[in-house]
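Data first, discussion second: the structure below is written as structure tokens.
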Amino acid sequence: MYPELDKCPRSLLVCEKSNFEHEKSRHDTHVSKHYFNHKVSVVIPECGALPSRLASVINNFSKYFLVMNLPVYEFLDKDFLKNVVWNGALYALSYRTSIDQDNTIALLPNSQLILSVDKDTYEQLGLEGKPSQYNHRQPMRYVVTIDLTDKSMAPGGKRYQRVLSSLKERVPLKSDFLLGRHNSGTDGDRALQSLLSRYQWKEHRPVVSSHTLKDLPCPSLHALDLRGDQRSCDPHSFLEWLGAVSAGVSCDNTAASFLSTYVCPEPQTLVSQALHCTVSGLLLPEDIYSLLQELRRYFDEPKFTSWLSLTVHGFMDSPVSWGDAEHGFHKGGENFYNLVLFKNQDYWLHMGTGSHDRCPP
Amino acid sequence: MRRAHIQDQPATYERLVYKNTSLYHYMRISLQLENESTRLSAAQLKQLICSGLRDLYGESNVLQTSDFPFYLLSNQTFPLFRSLFLFVSFSGLVKLWSALTLLGSYQNELCSFRVTQVSPFLLTLSGNSRELELD
């Protein structure tokens, strides 16, 4: 049979083990640099209901806005730049644009404007960019990165005018956008409201869902055994189990089911109940970090479980994964990370990406 | 006391990088039938997919379960056919996907499989941002 048919897309899984209290622990950087998060999933074994403090943190996740038909040049508005963009903490991502087919635009909290565009759009725009790292043979997609804090982009300057005229007259790019902002300040709110008032928009809150799983076979994990040599299962098996729990897949492989041979990996224990809570929408890294801090405090009081899990899924069509690393969509657009928190503040961090991604940091 | 002290010592830093080490690929698919009221059991569904593979690749090669296993993952939405989860060995992904794409009928009734999502991580099948729909 043709050997090419046996090939499959490349995938990467990076696993780190450390302790939150290590001074060189990079957990905060990994969380803060993963800008566009679609879904957060928390699994806590031996827990029947969402603890009130966790619920409070989750219910305080920032709201976000869906703005319809917003022209990209509006991000260059002087007032908007000064009061919103340059203050940081504004996240914008084009809504329902596929990174492998459509023009996709993102504004990062460090004021980088990313335009991931097809070849025709790139040539018409006339702006300086680079071919996508994930082109097949001929460059079909280009990435234009504009640093809105660069002095050449000061309003009124030559380059600023050029970029503005490209986006306003040559190729008036517009899209529906998801906008999220963490810090609120009077001037920023005013400028943002001024922008929103010119277009159709709607405010949204992240959707929270929580349920309790009963009699769940659950992997036993030991913080020091990241590889899964003896006291834990290996990372792939653990992530597969998490996926099974999230998807509602049965883990018990009943004899009647010749169809599915999936079982919980060994070593395992049977827990009488486990909490599975999900939050979805445009979720900001600042809120996820607050959730992480609260989850770390979960073990301040004695608990039956020795670990809990936090999974964060990135947007499949985001033009970046971590930091400014280009992200693409081949057969899938996975870019996620999973934190396993242990009682003594040890943690595991699993970061997974697909074929059109750089290695996670 | 000494044993407890050792277990509570914070973990030292360790980093592992796995490339293409996932044994399986996972697919999230849905089946659409001409007659929407038709229901298939799990066994019929697996038989249908096997027949698709047989039609495309023949008997002799990939259809032996031991050479080319794929499995349905039973989940609570399964009876509704809204989303079915398959997992297949990494070498079988292209063959299974192509067979699903070209499968067009079930017992003289038109049908089609829609492949919603494919990933080497089962975990990502429950976090598909392309399904985010806002008013």
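Please note that chains go A, B, ... in the order of the structure tokens, that every chain numbers its residues from 1, and that ligands are numbered from 1 in the order shown.
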
Requested in this report: Extract, using only C-alpha atoms, all DNA, RNA and protein residues at most 10 Å from A:Ser98, discarding same-chain residues fewer than 6 positions from it, and format them as a list in words.
Outcome: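 Near A:Ser98, the qualifying residues are Thr104, Met316, Asp317, Ser318, Pro319, Gly328, Phe329 and Gly333 of chain A; Arg130 of chain B.
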
Report task. Determine which residues of chain A sit within 7 Å of chain B, taking into account only C-alpha atoms, and present them as a PyMOL selection string. Result -> chain A and resi 5-8+10-19+38-39+96+224+236+239-240+242-244+246-250+259-260+313+315-316+331-332+334+344+346

For N, CA and C atoms, I'd like the residues from the last selection saved as an mmCIF file, in the first residue's frame.
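Saved the output as again-v6.cif:
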data_model
loop_
_atom_site.group_PDB
_atom_site.id
_atom_site.type_symbol
_atom_site.label_atom_id
_atom_site.label_comp_id
_atom_site.auth_asym_id
_atom_site.auth_seq_id
_atom_site.Cartn_x
_atom_site.Cartn_y
_atom_site.Cartn_z
ATOM 1 N N LEU A 5 0.188 7.089 2.611
ATOM 2 C CA LEU A 5 -1.093 7.041 3.309
ATOM 3 C C LEU A 5 -0.922 6.760 4.793
ATOM 4 N N ASP A 6 0.255 6.279 5.191
ATOM 5 C CA ASP A 6 0.483 5.996 6.603
ATOM 6 C C ASP A 6 0.963 7.209 7.380
ATOM 7 N N LYS A 7 1.219 8.304 6.659
ATOM 8 C CA LYS A 7 1.737 9.475 7.363
ATOM 9 C C LYS A 7 0.593 10.228 8.001
ATOM 10 N N CYS A 8 0.914 10.963 9.036
ATOM 11 C CA CYS A 8 -0.106 11.800 9.660
ATOM 12 C C CYS A 8 0.561 13.105 10.099
ATOM 13 N N ARG A 10 2.189 16.204 12.027
ATOM 14 C CA ARG A 10 3.068 16.270 13.173
ATOM 15 C C ARG A 10 2.337 16.875 14.364
ATOM 16 N N SER A 11 2.642 16.363 15.543
ATOM 17 C CA SER A 11 2.102 16.965 16.762
ATOM 18 C C SER A 11 3.230 17.075 17.778
ATOM 19 N N LEU A 12 3.085 18.055 18.659
ATOM 20 C CA LEU A 12 4.097 18.264 19.698
ATOM 21 C C LEU A 12 3.425 18.330 21.052
ATOM 22 N N LEU A 13 4.035 17.688 22.013
ATOM 23 C CA LEU A 13 3.566 17.796 23.398
ATOM 24 C C LEU A 13 4.781 18.074 24.265
ATOM 25 N N VAL A 14 4.736 19.227 24.936
ATOM 26 C CA VAL A 14 5.822 19.596 25.849
ATOM 27 C C VAL A 14 5.297 19.449 27.273
ATOM 28 N N CYS A 15 6.050 18.751 28.100
ATOM 29 C CA CYS A 15 5.627 18.527 29.487
ATOM 30 C C CYS A 15 6.693 19.091 30.405
ATOM 31 N N GLU A 16 6.278 19.884 31.366
ATOM 32 C CA GLU A 16 7.207 20.438 32.341
ATOM 33 C C GLU A 16 6.732 20.085 33.739
ATOM 34 N N LYS A 17 7.708 19.915 34.602
ATOM 35 C CA LYS A 17 7.404 19.651 36.009
ATOM 36 C C LYS A 17 8.163 20.680 36.825
ATOM 37 N N SER A 18 7.489 21.292 37.772
ATOM 38 C CA SER A 18 8.159 22.285 38.601
ATOM 39 C C SER A 18 7.304 22.520 39.836
ATOM 40 N N ASN A 19 7.609 23.586 40.520
ATOM 41 C CA ASN A 19 6.859 23.958 41.724
ATOM 42 C C ASN A 19 6.515 25.437 41.619
ATOM 43 N N HIS A 38 -10.236 30.072 24.437
ATOM 44 C CA HIS A 38 -11.642 29.859 24.139
ATOM 45 C C HIS A 38 -12.369 29.133 25.263
ATOM 46 N N LYS A 39 -11.671 28.193 25.890
ATOM 47 C CA LYS A 39 -12.375 27.370 26.870
ATOM 48 C C LYS A 39 -11.424 26.973 27.989
ATOM 49 N N ARG A 96 -15.074 34.175 13.719
ATOM 50 C CA ARG A 96 -15.506 33.282 12.650
ATOM 51 C C ARG A 96 -14.720 33.509 11.361
ATOM 52 N N LEU A 224 6.302 13.572 41.308
ATOM 53 C CA LEU A 224 7.692 13.399 40.870
ATOM 54 C C LEU A 224 7.815 12.505 39.635
ATOM 55 N N HIS A 236 0.562 11.214 27.689
ATOM 56 C CA HIS A 236 -0.450 11.017 26.647
ATOM 57 C C HIS A 236 -1.682 10.313 27.201
ATOM 58 N N LEU A 239 -3.700 12.770 29.352
ATOM 59 C CA LEU A 239 -4.452 13.742 28.553
ATOM 60 C C LEU A 239 -5.603 13.064 27.817
ATOM 61 N N GLU A 240 -5.399 11.820 27.407
ATOM 62 C CA GLU A 240 -6.476 11.083 26.767
ATOM 63 C C GLU A 240 -7.626 10.866 27.758
ATOM 64 N N LEU A 242 -8.326 12.760 30.344
ATOM 65 C CA LEU A 242 -8.976 14.060 30.513
ATOM 66 C C LEU A 242 -9.914 14.344 29.355
ATOM 67 N N GLY A 243 -9.468 14.021 28.156
ATOM 68 C CA GLY A 243 -10.310 14.213 26.977
ATOM 69 C C GLY A 243 -11.566 13.368 27.055
ATOM 70 N N ALA A 244 -11.409 12.139 27.550
ATOM 71 C CA ALA A 244 -12.565 11.260 27.685
ATOM 72 C C ALA A 244 -13.559 11.841 28.690
ATOM 73 N N SER A 246 -13.893 15.019 29.520
ATOM 74 C CA SER A 246 -14.485 16.237 28.954
ATOM 75 C C SER A 246 -15.525 15.930 27.894
ATOM 76 N N ALA A 247 -15.299 14.854 27.136
ATOM 77 C CA ALA A 247 -16.220 14.518 26.053
ATOM 78 C C ALA A 247 -17.353 13.617 26.518
ATOM 79 N N GLY A 248 -17.316 13.208 27.764
ATOM 80 C CA GLY A 248 -18.372 12.326 28.256
ATOM 81 C C GLY A 248 -18.222 10.902 27.761
ATOM 82 N N VAL A 249 -17.006 10.494 27.463
ATOM 83 C CA VAL A 249 -16.773 9.135 26.967
ATOM 84 C C VAL A 249 -16.664 8.178 28.138
ATOM 85 N N SER A 250 -17.272 7.031 27.996
ATOM 86 C CA SER A 250 -17.233 6.032 29.052
ATOM 87 C C SER A 250 -15.823 5.469 29.201
ATOM 88 N N LEU A 259 -16.998 -2.242 20.664
ATOM 89 C CA LEU A 259 -16.699 -1.068 19.856
ATOM 90 C C LEU A 259 -15.617 -0.210 20.476
ATOM 91 N N SER A 260 -15.652 -0.098 21.766
ATOM 92 C CA SER A 260 -14.719 0.817 22.411
ATOM 93 C C SER A 260 -13.910 0.063 23.443
ATOM 94 N N HIS A 313 -7.981 25.807 26.440
ATOM 95 C CA HIS A 313 -7.948 25.609 24.986
ATOM 96 C C HIS A 313 -7.816 26.950 24.302
ATOM 97 N N PHE A 315 -7.907 29.470 20.900
ATOM 98 C CA PHE A 315 -8.707 29.581 19.691
ATOM 99 C C PHE A 315 -7.971 28.907 18.539
ATOM 100 N N MET A 316 -8.677 28.085 17.796
ATOM 101 C CA MET A 316 -8.042 27.347 16.691
ATOM 102 C C MET A 316 -7.613 28.295 15.577
ATOM 103 N N LYS A 331 -4.705 20.117 9.711
ATOM 104 C CA LYS A 331 -5.892 19.272 9.886
ATOM 105 C C LYS A 331 -6.582 19.596 11.205
ATOM 106 N N GLY A 332 -5.910 20.380 12.024
ATOM 107 C CA GLY A 332 -6.491 20.820 13.289
ATOM 108 C C GLY A 332 -5.741 22.048 13.748
ATOM 109 N N GLU A 334 -5.086 22.801 17.087
ATOM 110 C CA GLU A 334 -4.950 22.678 18.539
ATOM 111 C C GLU A 334 -3.787 23.510 19.071
ATOM 112 N N ASN A 344 1.394 19.931 47.292
ATOM 113 C CA ASN A 344 2.539 20.671 47.832
ATOM 114 C C ASN A 344 2.990 21.785 46.883
ATOM 115 N N ASP A 346 3.551 21.558 43.803
ATOM 116 C CA ASP A 346 4.174 21.056 42.583
ATOM 117 C C ASP A 346 3.143 21.152 41.457
#

Requested in this report: Could you tell me, as number ranges by chain, which residues of stretch 134-236 of chain A DSSP assigns to strand (DSSP E or B) when given the backbone?
Outcome: A: 141-147, 174-181, 201-204, 207-219

Query - 6 Å contact set for stretch 79-95 of chain A, only C-alpha atoms, chain neighbours under 6 positions out, as a ChimeraX atom specification - result: /A:104-111,176-182,187-188,191

Query raised in the report: Near stretch 107-111 of chain B, within 10 Å and counting only C-alpha atoms, which residues show up once chain neighbours fewer than 3 positions away are dropped, as a ChimeraX atom specification?
Result: /B:31-36,38,48,103-104,114

Query raised in the report: Which one is closest to A:Leu282: A:Glu266, A:Asp234, A:Glu203, A:Asp229? Count only C-alpha atoms.
Result: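 Nearest to A:Leu282: A:Glu203.
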
Got a sec: who's within 12 Å of A:His211, counting only C-alpha atoms, leaving out chain neighbours fewer than 3 positions off, as a compact mmCIF listing (two decimals) with N, CA and C atoms, in the first residue's frame?
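Result file follows (around13.txt):
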# COMPACT_ATOMS: atom_id res chain seq x y z
N SER A 41 -11.29 24.32 31.37
CA SER A 41 -11.98 23.16 31.93
C SER A 41 -11.25 22.76 33.21
N VAL A 42 -11.99 22.63 34.29
CA VAL A 42 -11.41 22.25 35.58
C VAL A 42 -11.96 20.89 35.98
N VAL A 43 -11.08 19.98 36.34
CA VAL A 43 -11.51 18.67 36.85
C VAL A 43 -10.93 18.49 38.24
N ILE A 44 -11.80 18.28 39.22
CA ILE A 44 -11.34 18.08 40.61
C ILE A 44 -11.90 16.76 41.11
N CYS A 47 -14.64 15.75 44.54
CA CYS A 47 -15.28 17.03 44.82
C CYS A 47 -16.68 16.98 44.23
N GLY A 48 -17.67 17.35 45.05
CA GLY A 48 -19.04 17.18 44.59
C GLY A 48 -19.66 18.45 44.02
N ALA A 49 -19.20 19.59 44.50
CA ALA A 49 -19.79 20.85 44.06
C ALA A 49 -18.70 21.89 43.93
N LEU A 50 -18.97 22.87 43.07
CA LEU A 50 -17.98 23.93 42.86
C LEU A 50 -17.82 24.75 44.14
N VAL A 208 -20.68 29.45 31.81
CA VAL A 208 -20.15 28.51 32.81
C VAL A 208 -21.06 27.30 32.88
N LYS A 214 -20.04 10.72 38.69
CA LYS A 214 -20.11 9.73 39.78
C LYS A 214 -19.33 8.49 39.40
N VAL A 245 -13.04 12.36 29.79
CA VAL A 245 -13.93 12.95 30.81
C VAL A 245 -14.63 14.17 30.22
N SER A 246 -13.89 15.02 29.52
CA SER A 246 -14.49 16.24 28.95
C SER A 246 -15.53 15.93 27.89
N GLY A 248 -17.32 13.21 27.76
CA GLY A 248 -18.37 12.33 28.26
C GLY A 248 -18.22 10.90 27.76
N GLN A 273 -16.94 10.66 43.30
CA GLN A 273 -17.46 11.83 42.58
C GLN A 273 -16.31 12.70 42.14
N ALA A 274 -16.55 13.45 41.09
CA ALA A 274 -15.53 14.38 40.59
C ALA A 274 -16.26 15.55 39.95
N LEU A 275 -15.69 16.71 40.11
CA LEU A 275 -16.31 17.91 39.56
C LEU A 275 -15.69 18.22 38.20
N HIS A 276 -16.54 18.53 37.24
CA HIS A 276 -16.07 18.97 35.93
C HIS A 276 -16.75 20.29 35.63
N CYS A 277 -15.96 21.34 35.53
CA CYS A 277 -16.51 22.68 35.31
C CYS A 277 -15.87 23.28 34.07
N THR A 278 -16.66 23.87 33.20
CA THR A 278 -16.10 24.50 32.00
C THR A 278 -16.58 25.95 31.91

Query raised in the report: Tell me, which residues of stretch 91-329 of chain A carry DSSP alpha helix (DSSP H), written as a ChimeraX atom specification?
Result: /A:119-125,158-165,186-197,235-247,285-296

Query raised in the report: Could you work out how far atom CA of A:Thr311 lies from atom CA of A:Asn103, giving the answer in Å with one decimal?
Result: 28.4 Å

**Report entry** Shell of 6 Å around stretch 144-155 of chain A, only C-alpha atoms, local chain residues under 5 positions omitted, as a list in words
**Finding:**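 Counting only the stated atoms, we get Ser111, Gln112, Leu113, Ile114, Leu115, Gly129 and Tyr160 of chain A.
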
Requested in this report: Could you tell me how far atom CA of A:Lys78 lies from atom CA of A:Thr121, in Å and to one decimal?
Outcome: 25.0 Å

Query - d(atom CA of A:Glu123, atom CA of A:Pro139) in Å - result: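 Interatomic distance here is 11.9 Å.
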
**Report entry** Test item: residues at most 12 Å from B:Leu56, only C-alpha atoms, excluding those fewer than 3 positions along its chain, as a count of residues only
**Finding:** 20
